[in-house]
4 protein chains.
Amino acid sequence: MGYGSGMSTPYTLESLNSVPLPTFSAAVGDVFEHASWVADAAFGHRPFPTVAALHHAMMGVIRASPVERQLAFIRAHPELGSKVKRLDITADSQAEQGSLGLDRLSDAEFKIFTELNAAYAEKFGFPFIICVRRHTRDSILKEFRRRLDNDAETERKAALDEIALITRLRLVARVDGPGKPKTEGRLSTHVLDNVSGKPAPGIRIALYEVGASARALLIEAVTNADGRTDQPLISDGPLRIGTYELQFDVAQYFATHGIAQSDPPFLNIIPIRFSIAEPEGHYHVPLLVTPWSYSTYRGS
Amino acid sequence: MGYGSGMSTPYTLESLNSVPLPTFSAAVGDVFEHASWVADAAFGHRPFPTVAALHHAMMGVIRASPVERQLAFIRAHPELGSKVKRLDITADSQAEQGSLGLDRLSDAEFKIFTELNAAYAEKFGFPFIICVRRHTRDSILKEFRRRLDNDAETERKAALDEIALITRLRLVARVDGPGKPKTEGRLSTHVLDNVSGKPAPGIRIALYEVGASARALLIEAVTNADGRTDQPLISDGPLRIGTYELQFDVAQYFATHGIAQSDPPFLNIIPIRFSIAEPEGHYHVPLLVTPWSYSTYRGS
Amino acid sequence: MGYGSGMSTPYTLESLNSVPLPTFSAAVGDVFEHASWVADAAFGHRPFPTVAALHHAMMGVIRASPVERQLAFIRAHPELGSKVKRLDITADSQAEQGSLGLDRLSDAEFKIFTELNAAYAEKFGFPFIICVRRHTRDSILKEFRRRLDNDAETERKAALDEIALITRLRLVARVDGPGKPKTEGRLSTHVLDNVSGKPAPGIRIALYEVGASARALLIEAVTNADGRTDQPLISDGPLRIGTYELQFDVAQYFATHGIAQSDPPFLNIIPIRFSIAEPEGHYHVPLLVTPWSYSTYRGS
Amino acid sequence: MGYGSGMSTPYTLESLNSVPLPTFSAAVGDVFEHASWVADAAFGHRPFPTVAALHHAMMGVIRASPVERQLAFIRAHPELGSKVKRLDITADSQAEQGSLGLDRLSDAEFKIFTELNAAYAEKFGFPFIICVRRHTRDSILKEFRRRLDNDAETERKAALDEIALITRLRLVARVDGPGKPKTEGRLSTHVLDNVSGKPAPGIRIALYEVGASARALLIEAVTNADGRTDQPLISDGPLRIGTYELQFDVAQYFATHGIAQSDPPFLNIIPIRFSIAEPEGHYHVPLLVTPWSYSTYRGS
């Protein structure tokens, strides 16, 4: 389920609450793929006090539809398989910028996806739908396997739930106004030097996505005077469910600040590996550190 | 500098203090390679109150010798290069048991060692001597580079210092008695579950040697009822200077004990990467852990 | 329930398993107060493979007795009130050595104990029995109140359970042999300096019992080269259920070791307040510390 | 050195830069006690780009004055002794709101202050001046003793430095504008529950000032949904150099949230004792806690 980019200026909820049907339809009709009837039916429930209420109304139209119409709607979505590409990235390519997308699968992974797609289509008769912006490759694979075990009704509902997540993201990007549903997560860090009792500036940080078959460098940053990064490590959208590793270059920091270490330093690059489970959550992963000890925790 | 194995039953210091010269010589004459004259000269300093005193006396013989004799003695040692072999281990072979020895170099590393050997022989006229049992491949390489910058006199002394470390290990294995110099290091761990306030049993632990070009699995263990491993992770000899990574499988532990985690768990495999600088030291690297936090430190 | 001291040399379980009844009776007949019939009846169950089995047999005699005989046995115990004395210790007397015994009550506490004793005797017709060696004054008071709400049968059983704890301590002191029940707890500490990665020697430690109305200094100690105290802070018997406070003089330590602190130091005397709930447990309460941070936890 | 309250609406720096001398003098003439000549002389250095520059100019007038004029100016300040009152607060009065002011001294403290005042006046011939808003009673006493050892010239400069701190506070309260010197400190906290990986709401917190002879309850608060207090624990002015204790009622929190604890809980009221050395600093003192462990550190 790709997420359409290149959107024009957002509409305001206020204007959508007052424009005639054709304008309303032109504005949000394509939020649900090939199903402008959804917007048309939701039109009758105006005015919407919040953006969330508008989305809720649109999903309500789908959910109140006869099962056959729901299935036809679901079937109109493209296959996930159409986005999958074979392009192995080796361990050496860790330094390469970018996440582990579906367009960079190893042979083995490509084979698995292809087989899962076939099995899924065979069993359910519609394409596997998932809000990819909330997932890493590994968590898509995990969900794929898990949902393949569902019965038809459970899976139809699961597909609608994912469509709700996908369309919620689209609507939030398209409509300005009060009561926007929370769709953005955030990953941040903070380094405190417990030898001097101060934030640790100038610490080089790297963030990796850790996949089953490869890892990818997502971002590099350096801590500022407050021991934080100027920007969150990840923001501007949902976080992707998956495993990550932060690496903090602490030996260089302590050496720069004249704090005694052994040779080689007991701690040099500190890896902190963690998983994200809530795409809309705030993950604050701080590091409290001396040359001989460190702590981390999920903060807030 | 290999370390001879297959030694017969150790002698006691007491007996060495009373036996005639030929017996003494037969016992410890080959502790210094091709230099039984060292033992013969040390014989005159008997009795030795401690094993350390015996070793000190033998090194004293070398250090009091004329420079030319020292150099001849040093030259009688084999080239480090003779032990070096090309045998690349890939990232995949991380699961392979064993440390990153000099007999498993990548092409690039083999080339570097060969060049360093040549440069060293050219500059100093004697082979590079280092107590390999106290080093990993990476720290040998680092020392090689560092010492290549020495002047001739500094390096002659450095070679003798390494010979002192090598022969100390041999003597300690050969002679029983009071006052043995400390030659053994130890690496241990301990896992405490801060949710239940108890040691964490059943945690799977893996210890890796982390080299510049590869990593090797050194040992796998499982914590016992006291949250420790039944045996130290490393013992029975000096630790090797270098970088290591402990990995603790905590998600499985918390799942087994019914302690709530997210899905996927925030913490799953916790890596703790550290370096050892003191081969004869005790490195205790504990883990204090909950599903959302952990601490580690050099303990005792 | 006082615990008789001045016992003579312990008997061995082996000898008790073979001596005639009068000797057996003379040896352990007074373990149960005024009830040598308990030992006499247990004599028939010899041989006892463990000290625990001997104790179990003796308690079995009591528990198999008719209720009236149990009550008569319970009534033969002295009143707790007979040990209670009014002797207020003020906050100033914190420096005074010794725990907060029942012989040093404030007026208010004395009044409460007197009233509880009266209410208890009125309701149950026998004295309140508790294994005082496992309790502080505050936990005795808490138990007193809790048990006063019991019905007669529950409380009779509670009294027998306490008698089991009291006699177990007596028997363990009286009889040597295999399978002694665990009656000893232990409180220990350990201080690690996370600035230097080493145990912190020379740290002055004070341990207080923290009562509702006063606190008492139990012990002062100084950490040794391993950052521990030469002896456990408490050992040689059960720990007392109650609240304690450890105080660590860390500012002096850091000053002595030339580690930079603010003036006044951010951390000076660190108090760690905790409660003991398991008299036979091991409470290890370490301190990991820098001039700007510390951690503690129940260790092992 | 009291700090005048009841000030009327602040002036703007912009207006002070343009008004005629009499108005300027009326506005800031009494910032320096009984010394409107300071403002008059500073008038000539207009315009001032920042409030700090205005203050710097005024202090420059004093510091450039002949020593005799400086001494006369210093002598015009009231005796600290005039604010000191005997009013013992006992340990019981810990619950009483308010800090340990100079108006609530024990007999012993009153005697010490009286003696120090006399000794100081005798030695230096002018009153002891200190910016009391930056100090607790204990740190005033410590400074008093320390400065009594100064020679006359050092102490004259010390008095001027304190006057700079006092007048800086006055000027900042009196004049609005760019470049205000930092005079405000802040004490804050944050409680994270490491069992659930979330901020801990509803934790009752008490903050005490810990004096040598007594302690005073400064504030009580409860953590909000983010595990913080709605307001900083201390703000709106400089922090007072001295020792403090935060107490966190964690047992109640864990009980409320159904997290298993021992009975009594290992941790109940957690005291964190620390000292403040920088009145204009931010002291963030968080608590990371489980029922069996906690950490604290100076954060940011």
# chains A, B, ... in the order shown; residues from 1 in each chain; ligands from 1
>>> interface_residues(of="chain A", to="chain C", cutoff="12 Å", atoms="only C-alpha atoms", output="short mmCIF file (atom, residue, chain, number, x, y, z; two decimals) with N, CA and C atoms, in the first residue's frame")
data_model
loop_
_atom_site.label_atom_id
_atom_site.label_comp_id
_atom_site.auth_asym_id
_atom_site.auth_seq_id
_atom_site.Cartn_x
_atom_site.Cartn_y
_atom_site.Cartn_z
N LEU A 192 24.09 11.59 28.77
CA LEU A 192 24.56 12.27 29.98
C LEU A 192 25.86 11.66 30.44
N ASP A 193 26.82 12.51 30.70
CA ASP A 193 28.13 12.10 31.18
C ASP A 193 28.08 12.10 32.71
N ASN A 194 28.06 10.92 33.29
CA ASN A 194 27.93 10.82 34.75
C ASN A 194 29.24 11.04 35.50
N VAL A 195 30.33 11.25 34.77
CA VAL A 195 31.58 11.63 35.45
C VAL A 195 31.54 13.11 35.80
N SER A 196 31.03 13.90 34.86
CA SER A 196 31.02 15.35 35.09
C SER A 196 29.64 15.88 35.45
N GLY A 197 28.64 15.02 35.43
CA GLY A 197 27.30 15.46 35.79
C GLY A 197 26.68 16.40 34.78
N LYS A 198 27.10 16.27 33.51
CA LYS A 198 26.63 17.20 32.48
C LYS A 198 26.19 16.45 31.23
N PRO A 199 25.38 17.10 30.40
CA PRO A 199 25.08 16.52 29.10
C PRO A 199 26.39 16.34 28.33
N PHE A 254 35.21 10.83 25.69
CA PHE A 254 35.95 10.90 26.96
C PHE A 254 37.40 11.33 26.71
N ILE A 259 39.06 12.64 30.22
CA ILE A 259 38.62 11.72 31.28
C ILE A 259 39.33 10.38 31.08
N ALA A 260 39.98 9.90 32.13
CA ALA A 260 40.85 8.72 32.04
C ALA A 260 40.09 7.48 31.58
N GLN A 261 40.69 6.76 30.65
CA GLN A 261 40.17 5.49 30.18
C GLN A 261 41.32 4.49 30.11
N SER A 262 41.01 3.22 30.01
CA SER A 262 42.06 2.24 29.79
C SER A 262 42.44 2.26 28.31
N PRO A 265 40.09 1.50 25.41
CA PRO A 265 39.04 1.89 26.35
C PRO A 265 38.06 0.74 26.60
N PHE A 266 37.66 0.58 27.85
CA PHE A 266 36.68 -0.46 28.19
C PHE A 266 35.44 -0.32 27.32
N LEU A 267 34.96 0.91 27.18
CA LEU A 267 33.80 1.17 26.32
C LEU A 267 34.24 2.06 25.17
N LEU A 288 23.19 6.98 29.81
CA LEU A 288 23.90 7.55 30.96
C LEU A 288 25.23 6.82 31.01
N VAL A 289 26.33 7.55 30.97
CA VAL A 289 27.58 6.84 30.69
C VAL A 289 28.79 7.38 31.45
N THR A 290 29.67 6.48 31.83
CA THR A 290 31.03 6.81 32.28
C THR A 290 31.95 5.91 31.45
N PRO A 291 33.26 6.05 31.59
CA PRO A 291 34.14 5.14 30.83
C PRO A 291 33.99 3.68 31.25
N TRP A 292 33.28 3.40 32.33
CA TRP A 292 33.22 2.05 32.87
C TRP A 292 31.81 1.55 33.12
N SER A 293 30.81 2.30 32.71
CA SER A 293 29.44 1.89 33.01
C SER A 293 28.48 2.63 32.11
N TYR A 294 27.35 2.02 31.86
CA TYR A 294 26.28 2.78 31.22
C TYR A 294 24.92 2.17 31.52
N SER A 295 23.90 3.00 31.34
CA SER A 295 22.51 2.59 31.52
C SER A 295 21.72 3.13 30.37
#
>>> residues_around(residues="Val175 of chain D", least_positions_apart="2", cutoff="8 Å", atoms="only C-alpha atoms", output="ChimeraX atom specification")
/D:10-13,51,171-173,177
>>> residues_around(residues="Pro20 of chain D", least_positions_apart="3", cutoff="12 Å", atoms="only C-alpha atoms", output="PyMOL selection string")
chain D and resi 15-17+23-27+40+43-44+46
>>> write_last_selection(atoms="N, CA, C and O atoms", output="short mmCIF file (atom, residue, chain, number, x, y, z; two decimals), in the first residue's frame")
data_model
loop_
_atom_site.label_atom_id
_atom_site.label_comp_id
_atom_site.auth_asym_id
_atom_site.auth_seq_id
_atom_site.Cartn_x
_atom_site.Cartn_y
_atom_site.Cartn_z
N SER D 15 13.49 52.69 27.80
CA SER D 15 13.12 53.98 28.37
C SER D 15 14.26 54.53 29.23
O SER D 15 14.57 55.72 29.18
N LEU D 16 14.92 53.64 29.99
CA LEU D 16 16.01 54.13 30.84
C LEU D 16 17.15 54.71 30.00
O LEU D 16 17.89 55.57 30.48
N ASN D 17 17.26 54.22 28.80
CA ASN D 17 18.32 54.73 27.92
C ASN D 17 18.04 56.13 27.38
O ASN D 17 18.91 56.77 26.80
N THR D 23 14.90 61.12 36.26
CA THR D 23 14.02 59.96 36.10
C THR D 23 14.83 58.67 36.23
O THR D 23 14.42 57.70 36.88
N PHE D 24 16.01 58.66 35.59
CA PHE D 24 16.90 57.50 35.66
C PHE D 24 17.23 57.18 37.11
O PHE D 24 17.15 56.04 37.57
N SER D 25 17.56 58.21 37.81
CA SER D 25 17.96 58.09 39.21
C SER D 25 16.81 57.59 40.07
O SER D 25 16.99 56.73 40.95
N ALA D 26 15.63 58.10 39.80
CA ALA D 26 14.46 57.65 40.55
C ALA D 26 14.18 56.18 40.29
O ALA D 26 13.70 55.46 41.16
N ALA D 27 14.54 55.76 39.06
CA ALA D 27 14.22 54.37 38.69
C ALA D 27 15.17 53.37 39.32
O ALA D 27 14.76 52.35 39.86
N ASP D 40 23.90 57.70 39.33
CA ASP D 40 24.19 58.98 38.68
C ASP D 40 25.43 58.88 37.80
O ASP D 40 25.47 59.40 36.69
N PHE D 43 24.90 56.82 34.68
CA PHE D 43 24.06 57.51 33.69
C PHE D 43 24.87 57.95 32.48
O PHE D 43 24.42 57.87 31.34
N GLY D 44 26.10 58.34 32.74
CA GLY D 44 26.95 58.85 31.67
C GLY D 44 27.38 57.81 30.66
O GLY D 44 27.89 58.14 29.60
N ARG D 46 25.40 55.66 29.22
CA ARG D 46 24.30 55.25 28.34
C ARG D 46 24.69 55.44 26.88
O ARG D 46 25.56 56.27 26.58
#
>>> select_by_dssp(residues="segment 19-238 of chain D", states="strand (DSSP E or B)", output="VMD selection string")
chain D and resid 86 97 105 135 175 to 176 186 to 188 191 to 193 198 to 199 204 to 210 215 to 222 234
>>> write_last_selection(atoms="N, CA and C atoms", output="compact mmCIF listing (two decimals), in the first residue's frame")
# COMPACT_ATOMS: atom_id res chain seq x y z
N ARG D 86 16.27 33.73 67.27
CA ARG D 86 16.30 32.43 67.92
C ARG D 86 14.89 31.85 67.86
N GLN D 97 5.86 23.84 56.86
CA GLN D 97 6.23 24.42 55.58
C GLN D 97 7.26 25.52 55.79
N LEU D 105 16.58 30.08 64.28
CA LEU D 105 17.81 29.43 64.71
C LEU D 105 17.62 28.74 66.06
N HIS D 135 21.55 31.38 49.35
CA HIS D 135 22.12 30.51 50.39
C HIS D 135 21.07 29.95 51.35
N VAL D 175 14.11 46.12 35.92
CA VAL D 175 14.26 46.58 34.53
C VAL D 175 14.00 45.45 33.54
N ASP D 176 13.08 45.70 32.63
CA ASP D 176 12.83 44.74 31.55
C ASP D 176 13.66 45.13 30.33
N ARG D 186 16.74 26.28 38.83
CA ARG D 186 15.54 25.45 38.71
C ARG D 186 15.88 24.06 39.25
N LEU D 187 14.96 23.53 40.02
CA LEU D 187 15.08 22.15 40.47
C LEU D 187 13.88 21.39 39.95
N SER D 188 14.13 20.28 39.25
CA SER D 188 13.03 19.50 38.70
C SER D 188 13.32 18.02 38.89
N VAL D 191 10.01 10.85 37.24
CA VAL D 191 10.03 9.47 37.71
C VAL D 191 9.64 8.54 36.58
N LEU D 192 10.52 7.59 36.31
CA LEU D 192 10.25 6.59 35.27
C LEU D 192 10.14 5.22 35.89
N ASP D 193 9.09 4.53 35.54
CA ASP D 193 8.83 3.18 36.03
C ASP D 193 9.47 2.20 35.04
N LYS D 198 7.33 3.21 31.39
CA LYS D 198 6.52 4.43 31.23
C LYS D 198 6.81 5.42 32.35
N PRO D 199 6.47 6.69 32.12
CA PRO D 199 6.54 7.65 33.22
C PRO D 199 5.62 7.18 34.35
N ARG D 204 3.82 10.52 45.05
CA ARG D 204 3.91 11.63 45.98
C ARG D 204 5.38 11.94 46.26
N ILE D 205 5.70 13.21 46.18
CA ILE D 205 7.09 13.66 46.35
C ILE D 205 7.12 14.72 47.43
N ALA D 206 8.12 14.65 48.28
CA ALA D 206 8.35 15.73 49.25
C ALA D 206 9.78 16.19 49.10
N LEU D 207 9.96 17.51 49.21
CA LEU D 207 11.31 18.07 49.13
C LEU D 207 11.64 18.75 50.45
N TYR D 208 12.74 18.33 51.05
CA TYR D 208 13.18 18.90 52.32
C TYR D 208 14.47 19.69 52.15
N GLU D 209 14.59 20.74 52.91
CA GLU D 209 15.90 21.34 53.10
C GLU D 209 16.53 20.65 54.30
N VAL D 210 17.76 20.19 54.14
CA VAL D 210 18.41 19.43 55.20
C VAL D 210 19.50 20.29 55.82
N ARG D 215 15.56 19.88 59.67
CA ARG D 215 15.17 19.86 58.27
C ARG D 215 13.81 20.50 58.14
N ALA D 216 13.54 21.04 56.97
CA ALA D 216 12.28 21.74 56.76
C ALA D 216 11.65 21.26 55.46
N LEU D 217 10.36 21.04 55.51
CA LEU D 217 9.64 20.62 54.30
C LEU D 217 9.44 21.83 53.40
N LEU D 218 10.00 21.78 52.21
CA LEU D 218 9.89 22.92 51.30
C LEU D 218 8.65 22.83 50.43
N ILE D 219 8.38 21.62 49.92
CA ILE D 219 7.27 21.49 49.01
C ILE D 219 6.83 20.04 48.92
N GLU D 220 5.55 19.84 48.67
CA GLU D 220 5.03 18.51 48.36
C GLU D 220 4.40 18.57 46.99
N ALA D 221 4.52 17.48 46.24
CA ALA D 221 3.98 17.48 44.88
C ALA D 221 3.62 16.06 44.51
N VAL D 222 2.90 15.92 43.41
CA VAL D 222 2.53 14.60 42.90
C VAL D 222 2.88 14.59 41.42
N ILE D 234 11.57 23.89 42.47
CA ILE D 234 11.97 25.25 42.85
C ILE D 234 12.23 26.01 41.56
>>> select_by_dssp(residues="segment 114-167 of chain A", states="helix (DSSP H, G or I)", output="PyMOL selection string")
chain A and resi 114-124+132-134+137-148+152-167
>>> residues_around(residues="Gly237 of chain C", least_positions_apart="4", cutoff="10 Å", atoms="only C-alpha atoms", output="count of residues only")
10
>>> residues_around(residues="segment 163-168 of chain B", least_positions_apart="4", cutoff="10 Å", atoms="only C-alpha atoms", output="JSON list (two decimals) with N, CA and C atoms, in the first residue's frame")
[["chain", "number", "residue", "atom", "x", "y", "z"],
["B", 1, "MET", "N", 55.35, -15.92, 19.06],
["B", 1, "MET", "CA", 55.95, -16.67, 20.15],
["B", 1, "MET", "C", 54.98, -17.71, 20.67],
["B", 2, "GLY", "N", 55.05, -18.87, 20.15],
["B", 2, "GLY", "CA", 54.14, -19.92, 20.61],
["B", 2, "GLY", "C", 54.45, -20.27, 22.04],
["B", 3, "TYR", "N", 53.52, -20.92, 22.66],
["B", 3, "TYR", "CA", 53.69, -21.31, 24.04],
["B", 3, "TYR", "C", 53.68, -22.83, 24.07],
["B", 30, "ASP", "N", 65.00, -24.78, 29.14],
["B", 30, "ASP", "CA", 64.38, -24.39, 27.86],
["B", 30, "ASP", "C", 63.24, -23.40, 28.01],
["B", 31, "VAL", "N", 63.09, -22.86, 29.21],
["B", 31, "VAL", "CA", 62.07, -21.82, 29.38],
["B", 31, "VAL", "C", 62.43, -20.61, 28.51],
["B", 32, "PHE", "N", 63.70, -20.34, 28.44],
["B", 32, "PHE", "CA", 64.18, -19.32, 27.50],
["B", 32, "PHE", "C", 64.69, -20.05, 26.27],
["B", 33, "GLU", "N", 64.11, -19.75, 25.11],
["B", 33, "GLU", "CA", 64.37, -20.53, 23.91],
["B", 33, "GLU", "C", 65.83, -20.53, 23.48],
["B", 51, "VAL", "N", 58.40, -18.34, 43.17],
["B", 51, "VAL", "CA", 58.51, -18.60, 41.74],
["B", 51, "VAL", "C", 58.81, -17.29, 41.01],
["B", 52, "ALA", "N", 58.18, -16.21, 41.48],
["B", 52, "ALA", "CA", 58.44, -14.90, 40.87],
["B", 52, "ALA", "C", 59.92, -14.53, 40.99],
["B", 54, "LEU", "N", 62.47, -16.59, 41.09],
["B", 54, "LEU", "CA", 63.20, -17.40, 40.12],
["B", 54, "LEU", "C", 63.13, -16.76, 38.73],
["B", 55, "HIS", "N", 61.88, -16.35, 38.36],
["B", 55, "HIS", "CA", 61.72, -15.71, 37.05],
["B", 55, "HIS", "C", 62.48, -14.40, 36.99],
["B", 56, "HIS", "N", 62.41, -13.65, 38.05],
["B", 56, "HIS", "CA", 63.11, -12.37, 38.11],
["B", 56, "HIS", "C", 64.61, -12.58, 37.95],
["B", 58, "MET", "N", 66.12, -15.06, 36.39],
["B", 58, "MET", "CA", 66.42, -15.46, 35.01],
["B", 58, "MET", "C", 66.38, -14.25, 34.07],
["B", 59, "MET", "N", 65.34, -13.42, 34.22],
["B", 59, "MET", "CA", 65.28, -12.21, 33.38],
["B", 59, "MET", "C", 66.46, -11.30, 33.70],
["B", 62, "ILE", "N", 69.42, -12.18, 31.57],
["B", 62, "ILE", "CA", 69.31, -11.62, 30.22],
["B", 62, "ILE", "C", 69.61, -10.13, 30.21],
["B", 74, "ILE", "N", 67.53, -12.74, 21.14],
["B", 74, "ILE", "CA", 66.26, -12.33, 20.53],
["B", 74, "ILE", "C", 66.14, -12.91, 19.12],
["B", 77, "HIS", "N", 64.61, -16.33, 18.20],
["B", 77, "HIS", "CA", 63.17, -16.59, 18.24],
["B", 77, "HIS", "C", 62.60, -16.70, 16.83],
["B", 129, "ILE", "N", 58.67, -9.91, 18.42],
["B", 129, "ILE", "CA", 58.30, -10.83, 19.50],
["B", 129, "ILE", "C", 57.17, -10.23, 20.32],
["B", 130, "ILE", "N", 56.13, -11.00, 20.54],
["B", 130, "ILE", "CA", 55.02, -10.54, 21.37],
["B", 130, "ILE", "C", 54.40, -11.76, 22.03],
["B", 131, "CYS", "N", 53.94, -11.57, 23.24],
["B", 131, "CYS", "CA", 53.32, -12.68, 23.98],
["B", 131, "CYS", "C", 51.91, -12.87, 23.43],
["B", 132, "VAL", "N", 51.76, -13.69, 22.42],
["B", 132, "VAL", "CA", 50.48, -13.77, 21.71],
["B", 132, "VAL", "C", 49.34, -14.23, 22.60],
["B", 133, "ARG", "N", 49.66, -14.94, 23.65],
["B", 133, "ARG", "CA", 48.56, -15.40, 24.51],
["B", 133, "ARG", "C", 47.86, -14.24, 25.22],
["B", 134, "ARG", "N", 48.47, -13.07, 25.22],
["B", 134, "ARG", "CA", 47.85, -11.90, 25.85],
["B", 134, "ARG", "C", 47.19, -10.98, 24.82],
["B", 157, "LYS", "N", 64.40, -3.38, 24.20],
["B", 157, "LYS", "CA", 63.82, -3.51, 25.55],
["B", 157, "LYS", "C", 62.38, -4.02, 25.47],
["B", 158, "ALA", "N", 61.64, -3.54, 24.49],
["B", 158, "ALA", "CA", 60.25, -4.00, 24.33],
["B", 158, "ALA", "C", 60.23, -5.50, 24.06],
["B", 159, "ALA", "N", 61.17, -5.97, 23.24],
["B", 159, "ALA", "CA", 61.23, -7.41, 22.94],
["B", 159, "ALA", "C", 61.53, -8.20, 24.21],
["B", 172, "VAL", "N", 55.47, -20.54, 35.15],
["B", 172, "VAL", "CA", 54.33, -20.78, 36.04],
["B", 172, "VAL", "C", 53.70, -22.14, 35.74],
["B", 173, "ALA", "N", 53.75, -22.55, 34.47],
["B", 173, "ALA", "CA", 53.18, -23.85, 34.11],
["B", 173, "ALA", "C", 54.14, -24.98, 34.50],
["B", 174, "ARG", "N", 55.41, -24.65, 34.67],
["B", 174, "ARG", "CA", 56.43, -25.67, 34.89],
["B", 174, "ARG", "C", 56.75, -25.88, 36.36],
["B", 180, "LYS", "N", 53.78, -17.50, 43.10],
["B", 180, "LYS", "CA", 53.65, -17.52, 41.64],
["B", 180, "LYS", "C", 53.17, -16.15, 41.15],
["B", 181, "PRO", "N", 53.78, -15.60, 40.14],
["B", 181, "PRO", "CA", 53.26, -14.33, 39.60],
["B", 181, "PRO", "C", 51.87, -14.56, 39.02],
["B", 182, "LYS", "N", 51.04, -13.53, 39.09],
["B", 182, "LYS", "CA", 49.67, -13.64, 38.58],
["B", 182, "LYS", "C", 49.71, -13.62, 37.05],
["B", 183, "THR", "N", 49.26, -14.69, 36.45],
["B", 183, "THR", "CA", 49.24, -14.74, 34.98],
["B", 183, "THR", "C", 47.84, -15.03, 34.44]]
>>> atom_distance(atom1="atom CA of Asp249 of chain C", atom2="atom CA of Leu287 of chain D")
20.5 Å
>>> residues_around(residues="Pro47 of chain B", least_positions_apart="2", cutoff="8 Å", atoms="only C-alpha atoms", output="number ranges by chain")
B: 17-18, 45, 49
>>> residues_around(residues="segment 140-149 of chain A", least_positions_apart="4", cutoff="12 Å", atoms="only C-alpha atoms", output="VMD selection string")
(chain A and resid 1 80 to 81 84 100 to 102 105 109 to 136 153 to 159 162 211 to 212 240 to 242) or (chain B and resid 263 to 264)
>>> write_last_selection(atoms="C-alpha atoms", output="compact mmCIF listing (two decimals), in the first residue's frame")
# COMPACT_ATOMS: atom_id res chain seq x y z
CA MET A 1 0.00 0.00 0.00
CA LEU A 80 2.15 -5.90 -2.21
CA GLY A 81 4.16 -8.21 -4.44
CA VAL A 84 8.90 -6.21 -4.03
CA LEU A 100 15.66 -1.93 4.31
CA GLY A 101 12.82 -1.45 1.83
CA LEU A 102 10.88 -4.07 0.00
CA LEU A 105 15.38 -8.06 -0.91
CA GLU A 109 13.62 -12.98 1.00
CA PHE A 110 12.28 -12.38 -2.49
CA LYS A 111 11.41 -16.05 -2.73
CA ILE A 112 9.62 -15.95 0.61
CA PHE A 113 7.59 -12.89 -0.34
CA THR A 114 6.63 -14.40 -3.65
CA GLU A 115 5.47 -17.59 -2.00
CA LEU A 116 3.55 -15.76 0.73
CA ASN A 117 1.80 -13.59 -1.88
CA ALA A 118 0.73 -16.65 -3.80
CA ALA A 119 -0.45 -18.51 -0.72
CA TYR A 120 -2.33 -15.45 0.51
CA ALA A 121 -4.08 -14.81 -2.82
CA GLU A 122 -4.98 -18.48 -3.05
CA LYS A 123 -6.47 -18.54 0.44
CA PHE A 124 -8.26 -15.18 0.59
CA GLY A 125 -8.80 -14.11 -2.99
CA PHE A 126 -7.63 -10.57 -2.36
CA PRO A 127 -4.23 -8.91 -2.01
CA PHE A 128 -2.38 -8.66 1.30
CA ILE A 129 -2.87 -5.12 2.57
CA ILE A 130 -0.68 -3.57 5.21
CA CYS A 131 0.21 0.03 6.09
CA VAL A 132 3.84 -0.28 5.03
CA ARG A 133 4.75 3.07 6.46
CA ARG A 134 4.32 1.56 9.93
CA HIS A 135 6.54 -1.45 9.26
CA THR A 136 10.03 -2.59 8.45
CA GLU A 153 -13.66 -13.11 8.17
CA THR A 154 -10.89 -12.21 10.59
CA GLU A 155 -8.62 -11.41 7.68
CA ARG A 156 -11.21 -9.26 5.93
CA LYS A 157 -11.43 -7.21 9.11
CA ALA A 158 -7.65 -7.11 9.41
CA ALA A 159 -7.44 -5.75 5.87
CA GLU A 162 -4.89 -1.66 7.77
CA GLY A 211 16.95 -6.72 9.74
CA ALA A 212 17.14 -10.48 9.82
CA ARG A 240 8.34 1.51 11.60
CA ILE A 241 7.78 -1.55 13.80
CA GLY A 242 11.11 -3.34 13.85
CA ASP B 263 5.44 -7.07 20.84
CA PRO B 264 8.11 -7.10 19.56
